[in-house]
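Asker: File entry_10.txt follows (compact mmCIF, C-alpha atoms and all ligand atoms):
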```
# COMPACT_ATOMS: atom_id res chain seq x y z
CA MET A 180 0.00 0.00 0.00
CA ILE A 181 1.22 3.49 -0.87
CA ALA A 182 1.28 5.97 2.03
CA ILE A 183 2.01 9.65 1.43
CA ARG A 184 3.37 11.88 4.19
CA SER A 185 5.26 15.11 4.60
CA ALA A 186 9.02 14.57 4.56
CA THR A 187 11.42 15.33 7.38
CA VAL A 188 15.16 15.94 7.11
CA ALA A 189 15.60 12.33 8.25
CA ASP A 190 14.34 11.30 4.80
CA ALA A 191 17.34 12.97 3.14
CA PRO A 192 19.50 9.81 2.75
CA ARG A 193 16.70 7.83 1.09
CA CYS A 194 15.62 10.77 -1.11
CA ALA A 195 19.27 11.24 -2.12
CA GLU A 196 19.50 7.56 -3.01
CA ILE A 197 16.42 7.79 -5.23
CA TYR A 198 17.61 11.03 -6.87
CA ALA A 199 21.28 10.09 -7.46
CA PRO A 200 20.90 8.01 -10.66
CA PHE A 201 18.89 10.78 -12.33
CA VAL A 202 21.87 13.09 -11.81
CA THR A 203 24.74 10.72 -12.55
CA ASP A 204 23.30 8.50 -15.30
CA SER A 205 20.74 10.62 -17.16
CA TRP A 206 19.76 14.13 -18.16
CA VAL A 207 16.40 13.90 -16.33
CA SER A 208 18.01 16.23 -13.77
CA PHE A 209 20.11 19.10 -15.13
CA GLU A 210 22.35 18.94 -12.07
CA LEU A 211 25.84 17.86 -13.10
CA GLU A 212 27.03 16.60 -9.73
CA PHE A 213 25.16 14.61 -7.13
CA PRO A 214 24.39 17.09 -4.33
CA GLY A 215 24.93 14.72 -1.39
CA THR A 216 22.82 13.89 1.63
CA GLU A 217 23.49 17.08 3.61
CA GLU A 218 22.46 19.27 0.71
CA MET A 219 19.32 17.13 0.27
CA ALA A 220 18.49 17.71 3.94
CA ASP A 221 18.87 21.47 3.40
CA ARG A 222 16.59 21.29 0.36
CA ILE A 223 13.95 19.36 2.28
CA ALA A 224 14.03 21.86 5.17
CA LYS A 225 13.75 24.80 2.78
CA ALA A 226 10.92 23.22 0.75
CA LEU A 227 8.95 22.39 3.91
CA GLN A 228 9.07 26.05 4.91
CA SER A 229 8.20 27.57 1.55
CA HIS A 230 6.26 24.94 -0.43
CA ALA A 231 6.05 21.21 0.37
CA TRP A 232 8.13 18.04 0.22
CA LEU A 233 6.22 14.76 0.33
CA VAL A 234 7.47 11.19 0.36
CA ALA A 235 5.69 8.00 -0.71
CA GLU A 236 6.19 4.87 1.33
CA LEU A 237 5.56 1.39 0.04
CA ASP A 238 5.35 -1.10 2.91
CA GLY A 239 7.11 1.44 5.13
CA VAL A 240 10.01 2.15 2.74
CA VAL A 241 10.33 5.52 0.97
CA MET A 242 10.09 4.84 -2.76
CA GLY A 243 9.53 8.31 -4.16
CA TYR A 244 9.21 11.96 -3.39
CA ALA A 245 7.69 15.12 -4.84
CA CYS A 246 8.32 18.74 -3.99
CA GLY A 247 7.46 22.29 -4.86
CA SER A 248 9.95 25.11 -5.25
CA GLU A 249 10.12 28.72 -6.35
CA HIS A 250 9.46 29.26 -10.07
CA ARG A 251 11.30 32.60 -10.46
CA THR A 252 12.59 35.03 -7.85
CA ARG A 253 10.86 38.30 -8.84
CA GLY A 254 7.91 39.21 -6.63
CA ALA A 255 5.02 38.86 -9.05
CA TYR A 256 6.00 35.21 -9.61
CA ARG A 257 5.30 34.43 -5.93
CA THR A 258 1.99 32.71 -6.77
CA SER A 259 3.73 30.25 -9.12
CA CYS A 260 5.88 27.27 -8.29
CA ASP A 261 7.85 24.49 -9.93
CA VAL A 262 7.11 20.87 -9.10
CA ALA A 263 9.22 17.74 -9.41
CA VAL A 264 8.68 14.06 -8.70
CA TYR A 265 11.12 11.15 -8.51
CA VAL A 266 10.27 7.49 -8.08
CA ASP A 267 12.69 4.67 -7.32
CA ALA A 268 13.63 3.19 -10.70
CA ARG A 269 12.57 -0.30 -9.51
CA GLN A 270 9.09 0.83 -8.44
CA LYS A 271 7.74 2.58 -11.50
CA ARG A 272 4.17 2.40 -12.82
CA GLN A 273 2.60 1.41 -9.53
CA GLY A 274 0.82 4.68 -8.95
CA ILE A 275 3.50 6.27 -6.73
CA GLY A 276 4.01 9.35 -8.93
CA ARG A 277 0.27 9.92 -9.23
CA SER A 278 -0.29 9.48 -5.48
CA LEU A 279 2.46 11.99 -4.73
CA TYR A 280 1.03 14.60 -7.09
CA GLU A 281 -2.53 13.99 -5.88
CA ALA A 282 -1.31 15.08 -2.44
CA LEU A 283 1.27 17.68 -3.50
CA LEU A 284 -0.90 19.84 -5.75
CA PRO A 285 -3.67 20.48 -3.16
CA SER A 286 -1.06 21.21 -0.50
CA LEU A 287 0.48 23.86 -2.76
CA LYS A 288 -2.97 25.32 -3.40
CA ASP A 289 -3.47 25.47 0.38
CA ARG A 290 -0.38 27.68 0.49
CA ASP A 291 -2.11 30.08 -1.91
CA LEU A 292 -0.02 29.03 -4.87
CA HIS A 293 -1.94 29.49 -8.11
CA ALA A 294 0.04 27.80 -10.89
CA ALA A 295 2.44 24.85 -10.99
CA PHE A 296 5.12 24.38 -13.65
CA ALA A 297 7.16 21.33 -14.58
CA GLY A 298 10.25 21.40 -16.78
CA ILE A 299 10.80 18.01 -18.40
CA ALA A 300 14.12 17.29 -20.13
CA LEU A 301 13.38 15.43 -23.36
CA PRO A 302 12.84 12.65 -24.13
CA ASN A 303 10.88 11.53 -21.05
CA ASP A 304 7.65 9.86 -22.13
CA ALA A 305 6.81 8.65 -18.62
CA SER A 306 7.03 12.13 -17.10
CA ILE A 307 5.05 13.72 -19.94
CA ALA A 308 2.36 11.04 -19.55
CA LEU A 309 2.20 11.53 -15.78
CA HIS A 310 1.92 15.31 -16.08
CA ARG A 311 -0.77 15.05 -18.75
CA ALA A 312 -2.63 12.51 -16.61
CA MET A 313 -2.49 15.03 -13.74
CA GLY A 314 -4.02 17.81 -15.83
CA PHE A 315 -0.88 19.67 -16.89
CA ASP A 316 -0.92 21.29 -20.35
CA PRO A 317 2.10 21.84 -22.57
CA VAL A 318 3.45 25.40 -22.66
CA GLY A 319 6.36 25.09 -25.06
CA ILE A 320 9.85 23.74 -25.49
CA TYR A 321 13.12 25.43 -24.57
CA ARG A 322 15.45 24.19 -27.34
CA GLN A 323 19.03 23.24 -26.52
CA VAL A 324 18.73 24.97 -23.13
CA GLY A 325 21.23 22.64 -21.47
CA TRP A 326 24.31 20.53 -22.27
CA LYS A 327 24.61 17.23 -20.48
CA MET A 328 26.14 13.84 -21.27
CA GLY A 329 27.68 15.04 -24.53
CA ASP A 330 24.65 16.63 -26.17
CA TRP A 331 22.28 19.58 -26.21
CA ARG A 332 19.11 18.96 -24.20
CA ASP A 333 15.63 20.38 -24.78
CA VAL A 334 13.20 21.02 -21.93
CA ALA A 335 9.41 20.85 -22.39
CA TRP A 336 7.46 23.00 -19.95
CA PHE A 337 4.04 21.97 -18.69
CA GLN A 338 1.69 23.90 -16.42
CA ARG A 339 -1.45 23.43 -14.38
CA LEU A 340 -3.53 25.98 -12.54
CA LEU A 341 -4.08 24.89 -8.97
C1 LIG A 401 7.80 10.07 -14.24
C2 LIG A 401 7.62 9.21 -12.97
C3 LIG A 401 7.73 10.14 -11.76
C4 LIG A 401 6.26 8.53 -13.00
O1 LIG A 401 6.06 7.90 -11.74
P1 LIG A 401 5.29 6.50 -11.62
O2 LIG A 401 5.11 6.22 -10.19
O3 LIG A 401 6.00 5.47 -12.43
O4 LIG A 401 3.91 6.87 -12.33
P2 LIG A 401 2.45 6.29 -11.96
O5 LIG A 401 2.53 4.81 -11.84
O6 LIG A 401 1.89 7.04 -10.82
O7 LIG A 401 1.67 6.65 -13.28
C5 LIG A 401 0.59 7.58 -13.29
C6 LIG A 401 0.18 7.78 -14.74
O8 LIG A 401 1.23 8.42 -15.45
C7 LIG A 401 1.30 7.86 -16.78
N1 LIG A 401 2.58 7.12 -16.92
C8 LIG A 401 3.53 6.96 -15.98
N2 LIG A 401 4.59 6.28 -16.47
C9 LIG A 401 4.30 6.02 -17.76
C10 LIG A 401 4.99 5.36 -18.80
N3 LIG A 401 6.23 4.82 -18.61
N4 LIG A 401 4.42 5.28 -20.02
C11 LIG A 401 3.19 5.81 -20.23
N5 LIG A 401 2.47 6.43 -19.27
C12 LIG A 401 3.02 6.55 -18.05
C13 LIG A 401 0.13 6.93 -16.90
O9 LIG A 401 -0.98 7.72 -17.35
C14 LIG A 401 -0.07 6.50 -15.48
O10 LIG A 401 -1.38 6.06 -15.20
P3 LIG A 401 -1.76 4.49 -15.45
O11 LIG A 401 -0.65 3.66 -14.90
O12 LIG A 401 -3.06 4.35 -14.71
O13 LIG A 401 -1.88 4.36 -16.94
C15 LIG A 401 8.71 8.09 -12.89
O14 LIG A 401 8.72 7.40 -14.10
C16 LIG A 401 10.10 8.62 -12.60
O15 LIG A 401 10.49 8.78 -11.46
N6 LIG A 401 10.86 8.90 -13.67
C17 LIG A 401 12.22 9.38 -13.53
C18 LIG A 401 12.28 10.74 -12.87
C19 LIG A 401 11.50 11.75 -13.67
O16 LIG A 401 11.49 11.74 -14.89
N7 LIG A 401 10.87 12.66 -12.93
C20 LIG A 401 10.12 13.74 -13.51
C21 LIG A 401 11.08 14.86 -13.78
S1 LIG A 401 10.23 16.13 -14.69
```
For this file, write the structure as structure tokens.

Answerer:
Amino acid sequence: MIAIRSATVADAPRCAEIYAPFVTDSWVSFELEFPGTEEMADRIAKALQSHAWLVAELDGVVMGYACGSEHRTRGAYRTSCDVAVYVDARQKRQGIGRSLYEALLPSLKDRDLHAAFAGIALPNDASIALHRAMGFDPVGIYRQVGWKMGDWRDVAWFQRLL
């Protein structure tokens, strides 16, 4: 059974473990170096204050997480946020991503956020399908906006009003 709860900094090692392969072995994350557990703990603490950071447990073990973060810094953007979701590579397509978003999006709305944005490095059919299934609409594609693993990378942006 999938259980969703708010994260604590104690979840940092497990969240880092889930996130690491998306940094080191793919362009899903545009980070070039794995941030480490301490930095993950800082990110969780910051997200809990400003937005939300949720984890999904399967039989008591954290198998995925989703979080909100600032979209842009300038003041008028304060009602918008970015969202991200990562599921353990061995636990895909069991409803974990959907369960996380079903909890995350209302919790962001409760914080008076109005619009959620997701930047998806292409190709990523699973992420596009999840975001579409959760009511996100395509906004457009930033072409060659990043360079990772020896090639230019495009990012498709999706948005949903909360
Ligand atoms: C994208 C990701 C978060 C999806 O999580 P998940 O737990 O596997 O997704 P779910 O099982 O909750 O799927 C929910 C819906 O999304 C869609 N979906 C998810 N994965 C899909 C896939 N591989 N192919 C087609 N549709 C998919 C389906 O509509 C699915 O509903 P259904 O199973 O009832 O048909 C997961 O694949 C992942 O962690 N990928 C790597 C990290 C990543 O890309 N994160 C997003 C960064 S923008």

Asker: With all atoms listed in the file as the basis for distance, which of A:Ala268, A:Cys260, A:Met328, A:Leu237 is at the shortest distance from Ile197 in chain A?

Answerer: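 Using all atoms listed in the file, Ile197 in chain A sits closest to A:Ala268.
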
Asker: Taking only C-alpha atoms and all ligand atoms into account, report as a ChimeraX atom specification which residues have an atom no farther than 8 Å from an atom of ligand LIG 401 (chain A).

Answerer: /A:201,207-208,243,262-268,270-279,297-300,303-313

Asker: What separation in Å, quoted to one decimal, exists between CA of Asp333 in chain A and CA of Pro302 in chain A?

Answerer: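 Between CA of Asp333 in chain A and CA of Pro302 in chain A the gap is 8.2 Å.
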
Asker: Please compute the CA of Tyr256 in chain A-CA of Tyr244 in chain A distance, one decimal, in Å.

Answerer: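 Pair CA of Tyr256 in chain A / CA of Tyr244 in chain A returns 24.3 Å.
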
Asker: Figure out the distance between CA of Ala245 in chain A and CA of Arg257 in chain A, please, to one decimal in Å.

Answerer: 19.5 Å

Asker: Between A:Gly319, A:Gly325, A:Gly254, A:Gly247, which is the closest to Ala295 in chain A once you count all atoms listed in the file?

Answerer: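 Residue with the minimum atom-to-atom distance to Ala295 in chain A: A:Gly247.
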
Asker: Name the closest residue to Thr203 in chain A among the candidates A:Arg269, A:Tyr280, A:Ala189, A:Gly215; distances are taken between atoms, counting all atoms listed in the file.

Answerer: A:Gly215

Asker: I'd like to know which of A:Leu340, A:Val202, A:Ser259, A:Arg184 is closest to Leu227 in chain A, using all atoms listed in the file.

Answerer: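 Distance minimum relative to Leu227 in chain A lands on A:Arg184.
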
Asker: Which residues are near Glu236 in chain A? Cut-off 6 Å, only C-alpha atoms, ignore same chain within fewer than 2 positions. Put them as number ranges by chain.

Answerer: A: 181-182, 239-242

Asker: From the set A:Trp206, A:Phe296, A:Leu287, A:Ala255, which residue has the shortest atom-to-atom contact distance to Arg332 in chain A, counting all atoms listed in the file?

Answerer: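 Of the candidates, the smallest distance to Arg332 in chain A is held by A:Trp206.
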
Asker: Measuring atom to atom with only C-alpha atoms, identify which of A:Glu218, A:Asp238, A:Asp316, A:Glu212 is nearest to Val188 in chain A.

Answerer: A:Glu218

Asker: Since the input is missing atoms, can you rebuild N, CA, C and O atoms for range 257-270 of chain A and write them as a PDB file, in the coordinates of the input?

Answerer:
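Below is the file rebuild.pdb, written as the result:
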```pdb
ATOM      1  N   ARG A 257       5.404  35.138  -7.217  1.00  0.00           N
ATOM      2  CA  ARG A 257       5.300  34.430  -5.930  1.00  0.00           C
ATOM      3  C   ARG A 257       4.126  33.463  -5.870  1.00  0.00           C
ATOM      4  O   ARG A 257       4.111  32.573  -5.022  1.00  0.00           O
ATOM      5  N   THR A 258       3.150  33.606  -6.775  1.00  0.00           N
ATOM      6  CA  THR A 258       1.990  32.710  -6.770  1.00  0.00           C
ATOM      7  C   THR A 258       2.219  31.487  -7.671  1.00  0.00           C
ATOM      8  O   THR A 258       1.317  30.666  -7.837  1.00  0.00           O
ATOM      9  N   SER A 259       3.399  31.403  -8.267  1.00  0.00           N
ATOM     10  CA  SER A 259       3.730  30.250  -9.120  1.00  0.00           C
ATOM     11  C   SER A 259       4.811  29.413  -8.463  1.00  0.00           C
ATOM     12  O   SER A 259       5.598  29.918  -7.668  1.00  0.00           O
ATOM     13  N   CYS A 260       4.830  28.141  -8.821  1.00  0.00           N
ATOM     14  CA  CYS A 260       5.880  27.270  -8.290  1.00  0.00           C
ATOM     15  C   CYS A 260       6.261  26.226  -9.320  1.00  0.00           C
ATOM     16  O   CYS A 260       5.508  25.978 -10.272  1.00  0.00           O
ATOM     17  N   ASP A 261       7.438  25.642  -9.139  1.00  0.00           N
ATOM     18  CA  ASP A 261       7.850  24.490  -9.930  1.00  0.00           C
ATOM     19  C   ASP A 261       7.562  23.233  -9.114  1.00  0.00           C
ATOM     20  O   ASP A 261       7.610  23.279  -7.874  1.00  0.00           O
ATOM     21  N   VAL A 262       7.288  22.151  -9.796  1.00  0.00           N
ATOM     22  CA  VAL A 262       7.110  20.870  -9.100  1.00  0.00           C
ATOM     23  C   VAL A 262       8.017  19.820  -9.732  1.00  0.00           C
ATOM     24  O   VAL A 262       8.380  19.917 -10.903  1.00  0.00           O
ATOM     25  N   ALA A 263       8.379  18.837  -8.927  1.00  0.00           N
ATOM     26  CA  ALA A 263       9.220  17.740  -9.410  1.00  0.00           C
ATOM     27  C   ALA A 263       8.845  16.480  -8.662  1.00  0.00           C
ATOM     28  O   ALA A 263       8.396  16.541  -7.511  1.00  0.00           O
ATOM     29  N   VAL A 264       9.038  15.347  -9.322  1.00  0.00           N
ATOM     30  CA  VAL A 264       8.680  14.060  -8.700  1.00  0.00           C
ATOM     31  C   VAL A 264       9.694  13.009  -9.157  1.00  0.00           C
ATOM     32  O   VAL A 264      10.076  12.978 -10.343  1.00  0.00           O
ATOM     33  N   TYR A 265      10.142  12.206  -8.209  1.00  0.00           N
ATOM     34  CA  TYR A 265      11.120  11.150  -8.510  1.00  0.00           C
ATOM     35  C   TYR A 265      10.686   9.867  -7.828  1.00  0.00           C
ATOM     36  O   TYR A 265      10.399   9.868  -6.631  1.00  0.00           O
ATOM     37  N   VAL A 266      10.681   8.804  -8.612  1.00  0.00           N
ATOM     38  CA  VAL A 266      10.270   7.490  -8.080  1.00  0.00           C
ATOM     39  C   VAL A 266      11.431   6.525  -8.254  1.00  0.00           C
ATOM     40  O   VAL A 266      12.119   6.549  -9.291  1.00  0.00           O
ATOM     41  N   ASP A 267      11.643   5.704  -7.259  1.00  0.00           N
ATOM     42  CA  ASP A 267      12.690   4.670  -7.320  1.00  0.00           C
ATOM     43  C   ASP A 267      12.546   3.908  -8.634  1.00  0.00           C
ATOM     44  O   ASP A 267      11.456   3.423  -8.971  1.00  0.00           O
ATOM     45  N   ALA A 268      13.661   3.783  -9.363  1.00  0.00           N
ATOM     46  CA  ALA A 268      13.630   3.190 -10.700  1.00  0.00           C
ATOM     47  C   ALA A 268      13.036   1.779 -10.704  1.00  0.00           C
ATOM     48  O   ALA A 268      12.507   1.324 -11.718  1.00  0.00           O
ATOM     49  N   ARG A 269      13.102   1.089  -9.556  1.00  0.00           N
ATOM     50  CA  ARG A 269      12.570  -0.300  -9.510  1.00  0.00           C
ATOM     51  C   ARG A 269      11.085  -0.350  -9.169  1.00  0.00           C
ATOM     52  O   ARG A 269      10.499  -1.424  -9.116  1.00  0.00           O
ATOM     53  N   GLN A 270      10.493   0.816  -8.927  1.00  0.00           N
ATOM     54  CA  GLN A 270       9.090   0.830  -8.440  1.00  0.00           C
ATOM     55  C   GLN A 270       8.166   1.629  -9.343  1.00  0.00           C
ATOM     56  O   GLN A 270       7.155   2.153  -8.877  1.00  0.00           O
TER      57      GLN A 270
END
```
